[in-house]
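I have placed the structure first, in the form of structure tokens, so that the comments after it can refer back to it.
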Amino acid sequence: MNELARMTIAAASEGLERRSFSATELLAAVLARVEETEPRLHAYARVMADAAGREAAAADREIVAGRRRGPLHGIPVAVKDLCYTAGVVTEAGSRALAGFVPAFDATVVRRLRKAGAVIVGKTVTHEFAYGQNIPVTRNPWDDAMYPGGSSVGSGVAVAVGSAMGAIGTDTGGSVRVPASIMGIVGLKPTYGRVSRHGVLPLSSSLDHVGPLTRTVEDCAIMLGAVAGHDPLDPVSSATPVPDYRAGLEDGVAGMRLGVDRGYYYGPGVDPEVAALVRDAERVLATAGAEIVPVAIPELAHATVIGMTLMQPEASEAHRERLRERLADYEDGTRLMLEFGHLIPAAHYVTAQRARRWFQTAVRDAFRLERLDALLAPTLPIPTMSREESVGDFLGGTEGRIDLSGLIKHGIVANVAGLPALSVPCGLAAGRLPVGLQILGRPFAEATVLRIGRAYEARTDWVAMRDARLMGGAV
Amino acid sequence: MRIDSSTAESAIGLVDAGVPPGDVPVLASMLRAHFAAFEALEALDLSGVEPAARFEAAWDE
């Protein structure tokens with residue numbers, strides 16, 4: 001495999017700055033990786049090789065002329081096919097959107113372009129990010145297993161080097177789930193931190209946009225490029241954007257990291273997952289953090305609050321299209337979108353009140369215990385078979401293994417709006433990655449990245465993953 | 001929980017397009033499961049808690 005495609009964004013950026021290679025050469029390496037892996041993995045809905053070539057050539061001209069824009073300049077990245085791309089078909093994995101060509105770029109795409117990133121292509125998503133169909137994308141770790149979702153193509157592309165970083169969306173875990181299953185890094189930022197303008201909505205009060213990368217530092221680089229206020233997103237925050245790389249290596253000495261074993265280690269949690277995440281706690285304790293047992297009983301209501309908000313909001317977002325293109329939706333998506341209309345309006349309002357109550361409880365726990373972050377498994381299990389990967393969000397029972405069982409760990413951060421990072425923390429059964437989830441205070445992305453980096457720096461999971469997935473055709 | 005095609009179509013706004021007949025029993029089952037799960041929220045004391053007109057992640061400091 002071409003060594004350029006194995007590089008992290010940070011390392012490639014340094015190489016471009018030193019002019020050890022060109023953006024055009026870097027893109028060629030990544031496109032070679034696309035050619036090598038796509039026939040089997042199908043991470044991309046659409047590869048934009050020609051446009052990417054022009055963007056890389058333009059980046060080369062600017063860099064040579066001394067007008068380097070920053071660490072993403074000339075870096076090949078991918079975006080989930082839920083994000084509008086001007087003049088490029090955007091279908092969100094659905095026949096109901098077949099042939100749709102947006103007239104403008106989503107803000108997140110526009111910001112990537114402004115930072116000089118090269119857009120390699122659009123990655124596969126579950127239909128409209130709702131998780132109700134089995135995606136075409138395959139798992140490079142184990143072909144029989146679910147590769148994660150809904151940002152499935154973004155996760156796989158980053159893991160195998162057919163993109164150096166990617167954008168995903170997260171309404172109940174859809175950045176962190178594929179990050180965990182692929183053994184990569186994924187961040188759901190604070191609600192309002194990254195604009196959703198031009199991103200097809202699923203559930204407006206729970207939707208987030210975030211990066212998937214191979215390392216924590218790369219995640220900090222991508223977040224820095226796409227974060228910030230956008231008047232085109234009504235919930236966008238004006239909170240200033242810090243330099244997310246600045247304190248990455250400052251470590252965790254003196255930090256207090258909470259663990260709620262009652263919620264995150266209850267029935268249905270795979271013992272190997274639990275053991276690996278506890279090992280990660282020990283690594284962080286060795287690095288100087290204090291592990292603080294906490295009990296936040298309100299967490300038990302996260303899923304019902306989140307789903308009672310998500311389902312009506314999704315149905316509202318799709319109301320017109322559902323009427324016009326009913327037959328073009330996948331069966332499971334259609335049922336979920338029909339169902340959201342049947343939830344009583346009073347239940348939706350109760351869920352909004354419960355959300356406020358939930359958010360207060362989480363805030364109070366952070367304050368009372370003086371926590372810098374919460375630690376948890378990203379998922380209760382490493383992954384599941386492809387056939388089990390269709391969600392049964394309402395029929396699931398405690399301990400059941402299907403997509404709805406995966407949402408319990410992820411949706412806490414969406415309901416509370418908190419930043420949550422997934423970093424790889426080992427392999428279950430010697431072959432299936434497991435993720436450590438780090439949930440922080442609102443707008444404390446720099447803190448969760450610093451914790452993630454402190455863990456990453458003391459382990460070798462990144463090298464192990466690259467050795468497994470970057471070796472050939474996978 | 002009983003729903004039929006006409007009530008489902010009316011609620012969903014698919015009076016003209018029509019809900020596929022096979023969806024109706026599935027929707028009824030989903031609705032039963034929702035009501036069962038929702039009991040946990042109904043049991044909460046949310047007195048004095050206002051619904052957020054617009055959700056914001058920032059905490060009151």
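Letters A, B, ... mark the chains of the structure tokens in the order given; residue numbers begin at 1 per chain; ligand numbers begin at 1, in order shown.
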
Practice problem: Please provide the set of residues having any atom within 8 Å of Val24 of chain B, restricted to only C-alpha atoms, with same-chain residues fewer than 3 positions apart removed, written as a ChimeraX atom specification. | Solution: /B:3-5,8,19-21,27-28

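Neighbours of Arg196 of chain A closer than or equal to 7 Å, with only C-alpha atoms counted and sequence neighbours fewer than 3 positions away skipped, come out as Val199, His208, Val209 and Asp233 of chain A.
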
What are the closest atom pairs, with distances in Å to one decimal, for each residue of chain A lying within 7 Å of chain B, using only C-alpha atoms, rows by chain and rising residue number, as a Markdown table?
| residue | atom | partner | partner_atom | distance |
| --- | --- | --- | --- | --- |
| A:Thr190 | CA | B:Ala57 | CA | 6.8 |
| A:Tyr191 | CA | B:Ala57 | CA | 5.7 |
| A:Ser205 | CA | B:Phe55 | CA | 6.4 |
| A:Val304 | CA | B:Ala37 | CA | 6.5 |
| A:Arg323 | CA | B:Leu14 | CA | 6.1 |
| A:Leu335 | CA | B:Asp23 | CA | 6.8 |
| A:Glu338 | CA | B:Ile12 | CA | 6.0 |
| A:Phe339 | CA | B:Leu27 | CA | 6.1 |
| A:His341 | CA | B:Ile12 | CA | 5.3 |
| A:Leu342 | CA | B:Ala11 | CA | 6.3 |
| A:Val349 | CA | B:Pro51 | CA | 6.5 |
| A:Gln352 | CA | B:Pro51 | CA | 5.0 |
| A:Arg353 | CA | B:Pro51 | CA | 4.1 |
| A:Ala354 | CA | B:Leu46 | CA | 6.9 |
| A:Arg356 | CA | B:Ala52 | CA | 6.7 |
| A:Trp357 | CA | B:Val49 | CA | 6.8 |
| A:Leu394 | CA | B:Ala33 | CA | 5.5 |
| A:Gly395 | CA | B:Ala33 | CA | 6.1 |
| A:Ala416 | CA | B:Ala57 | CA | 6.6 |
| A:Gly417 | CA | B:Ala57 | CA | 4.8 |
| A:Leu418 | CA | B:Ala57 | CA | 6.7 |
| A:Pro442 | CA | B:Ala58 | CA | 5.6 |

Given the selection you just returned, output its residues as a file containing N, CA, C and O atoms, formatted as a PDB file, in the first residue's frame.
ATOM      1  N   THR A 190     -20.750  19.251  20.938  1.00  0.00           N
ATOM      2  CA  THR A 190     -21.871  19.856  21.657  1.00  0.00           C
ATOM      3  C   THR A 190     -22.939  20.302  20.659  1.00  0.00           C
ATOM      4  O   THR A 190     -22.620  20.768  19.553  1.00  0.00           O
ATOM      5  N   TYR A 191     -24.201  20.199  21.073  1.00  0.00           N
ATOM      6  CA  TYR A 191     -25.304  20.679  20.244  1.00  0.00           C
ATOM      7  C   TYR A 191     -25.094  22.163  19.934  1.00  0.00           C
ATOM      8  O   TYR A 191     -24.908  22.973  20.849  1.00  0.00           O
ATOM      9  N   SER A 205     -33.743  18.461  17.035  1.00  0.00           N
ATOM     10  CA  SER A 205     -33.243  18.771  18.380  1.00  0.00           C
ATOM     11  C   SER A 205     -32.192  17.776  18.860  1.00  0.00           C
ATOM     12  O   SER A 205     -31.604  17.961  19.927  1.00  0.00           O
ATOM     13  N   VAL A 304     -36.002   6.505  26.168  1.00  0.00           N
ATOM     14  CA  VAL A 304     -37.419   6.817  25.924  1.00  0.00           C
ATOM     15  C   VAL A 304     -37.593   8.313  25.680  1.00  0.00           C
ATOM     16  O   VAL A 304     -38.394   8.719  24.826  1.00  0.00           O
ATOM     17  N   ARG A 323     -45.463  11.618   1.751  1.00  0.00           N
ATOM     18  CA  ARG A 323     -46.714  11.612   0.994  1.00  0.00           C
ATOM     19  C   ARG A 323     -46.464  11.443  -0.504  1.00  0.00           C
ATOM     20  O   ARG A 323     -47.188  10.741  -1.192  1.00  0.00           O
ATOM     21  N   LEU A 335     -42.033   2.669   7.830  1.00  0.00           N
ATOM     22  CA  LEU A 335     -42.800   2.364   9.050  1.00  0.00           C
ATOM     23  C   LEU A 335     -42.444   3.332  10.176  1.00  0.00           C
ATOM     24  O   LEU A 335     -43.329   3.833  10.883  1.00  0.00           O
ATOM     25  N   GLU A 338     -43.974   6.669   9.397  1.00  0.00           N
ATOM     26  CA  GLU A 338     -45.419   6.626   9.639  1.00  0.00           C
ATOM     27  C   GLU A 338     -45.686   6.668  11.144  1.00  0.00           C
ATOM     28  O   GLU A 338     -46.556   7.399  11.633  1.00  0.00           O
ATOM     29  N   PHE A 339     -44.905   5.892  11.858  1.00  0.00           N
ATOM     30  CA  PHE A 339     -45.156   5.748  13.295  1.00  0.00           C
ATOM     31  C   PHE A 339     -45.015   7.064  14.063  1.00  0.00           C
ATOM     32  O   PHE A 339     -45.784   7.343  14.991  1.00  0.00           O
ATOM     33  N   HIS A 341     -45.917   9.872  13.418  1.00  0.00           N
ATOM     34  CA  HIS A 341     -47.152  10.672  13.385  1.00  0.00           C
ATOM     35  C   HIS A 341     -48.166  10.199  14.409  1.00  0.00           C
ATOM     36  O   HIS A 341     -49.114  10.924  14.715  1.00  0.00           O
ATOM     37  N   LEU A 342     -48.011   8.992  14.866  1.00  0.00           N
ATOM     38  CA  LEU A 342     -49.021   8.419  15.773  1.00  0.00           C
ATOM     39  C   LEU A 342     -48.699   8.673  17.240  1.00  0.00           C
ATOM     40  O   LEU A 342     -49.521   8.412  18.111  1.00  0.00           O
ATOM     41  N   VAL A 349     -44.424  16.658  24.242  1.00  0.00           N
ATOM     42  CA  VAL A 349     -44.190  17.757  25.189  1.00  0.00           C
ATOM     43  C   VAL A 349     -43.653  17.214  26.518  1.00  0.00           C
ATOM     44  O   VAL A 349     -42.724  17.784  27.110  1.00  0.00           O
ATOM     45  N   GLN A 352     -40.078  16.611  26.136  1.00  0.00           N
ATOM     46  CA  GLN A 352     -39.298  17.856  26.199  1.00  0.00           C
ATOM     47  C   GLN A 352     -39.070  18.293  27.644  1.00  0.00           C
ATOM     48  O   GLN A 352     -37.978  18.742  28.010  1.00  0.00           O
ATOM     49  N   ARG A 353     -40.122  18.161  28.454  1.00  0.00           N
ATOM     50  CA  ARG A 353     -39.948  18.520  29.867  1.00  0.00           C
ATOM     51  C   ARG A 353     -38.971  17.558  30.533  1.00  0.00           C
ATOM     52  O   ARG A 353     -38.103  17.975  31.311  1.00  0.00           O
ATOM     53  N   ALA A 354     -39.116  16.272  30.227  1.00  0.00           N
ATOM     54  CA  ALA A 354     -38.210  15.275  30.811  1.00  0.00           C
ATOM     55  C   ALA A 354     -36.772  15.519  30.361  1.00  0.00           C
ATOM     56  O   ALA A 354     -35.824  15.266  31.111  1.00  0.00           O
ATOM     57  N   ARG A 356     -35.373  18.433  29.837  1.00  0.00           N
ATOM     58  CA  ARG A 356     -34.858  19.508  30.679  1.00  0.00           C
ATOM     59  C   ARG A 356     -34.454  18.967  32.059  1.00  0.00           C
ATOM     60  O   ARG A 356     -33.394  19.295  32.597  1.00  0.00           O
ATOM     61  N   TRP A 357     -35.320  18.112  32.605  1.00  0.00           N
ATOM     62  CA  TRP A 357     -35.064  17.461  33.894  1.00  0.00           C
ATOM     63  C   TRP A 357     -33.801  16.594  33.814  1.00  0.00           C
ATOM     64  O   TRP A 357     -32.941  16.605  34.698  1.00  0.00           O
ATOM     65  N   LEU A 394     -38.620   0.053  19.286  1.00  0.00           N
ATOM     66  CA  LEU A 394     -39.723   0.020  20.249  1.00  0.00           C
ATOM     67  C   LEU A 394     -39.942  -1.363  20.822  1.00  0.00           C
ATOM     68  O   LEU A 394     -40.455  -1.509  21.919  1.00  0.00           O
ATOM     69  N   GLY A 395     -39.563  -2.368  20.090  1.00  0.00           N
ATOM     70  CA  GLY A 395     -39.824  -3.718  20.581  1.00  0.00           C
ATOM     71  C   GLY A 395     -38.663  -4.293  21.364  1.00  0.00           C
ATOM     72  O   GLY A 395     -38.764  -5.369  21.928  1.00  0.00           O
ATOM     73  N   ALA A 416     -28.699  15.112  26.185  1.00  0.00           N
ATOM     74  CA  ALA A 416     -28.127  16.180  27.009  1.00  0.00           C
ATOM     75  C   ALA A 416     -27.397  17.229  26.182  1.00  0.00           C
ATOM     76  O   ALA A 416     -27.069  18.300  26.692  1.00  0.00           O
ATOM     77  N   GLY A 417     -27.108  16.926  24.924  1.00  0.00           N
ATOM     78  CA  GLY A 417     -26.404  17.866  24.055  1.00  0.00           C
ATOM     79  C   GLY A 417     -24.908  17.941  24.303  1.00  0.00           C
ATOM     80  O   GLY A 417     -24.238  18.864  23.833  1.00  0.00           O
ATOM     81  N   LEU A 418     -24.367  16.980  25.042  1.00  0.00           N
ATOM     82  CA  LEU A 418     -22.958  17.043  25.460  1.00  0.00           C
ATOM     83  C   LEU A 418     -22.007  16.541  24.374  1.00  0.00           C
ATOM     84  O   LEU A 418     -22.378  15.681  23.571  1.00  0.00           O
ATOM     85  N   PRO A 442     -20.746  20.840  28.326  1.00  0.00           N
ATOM     86  CA  PRO A 442     -21.038  21.545  27.077  1.00  0.00           C
ATOM     87  C   PRO A 442     -19.860  22.406  26.618  1.00  0.00           C
ATOM     88  O   PRO A 442     -19.248  23.120  27.430  1.00  0.00           O
TER      89      PRO A 442
END

Quiz prompt | Straight-line distance linking atom CA of Val415 of chain A with atom CA of Met310 of chain A, stated in Å to one decimal | solution = 9.9 Å

Self-check item: Between atom CA of Arg138 of chain A and atom CA of Met182 of chain A, distance in Å (one decimal)
Solution: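 Between atom CA of Arg138 of chain A and atom CA of Met182 of chain A the gap works out to 10.9 Å.
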
Exercise. Would you list, as a PyMOL selection string, the residues of segment 217-387 of chain A that end up in helix (DSSP H, G or I) under DSSP run on this structure's backbone?
Key: chain A and resi 217-226+261-264+271-286+297-317+319-328+331-340+345-368+386-387
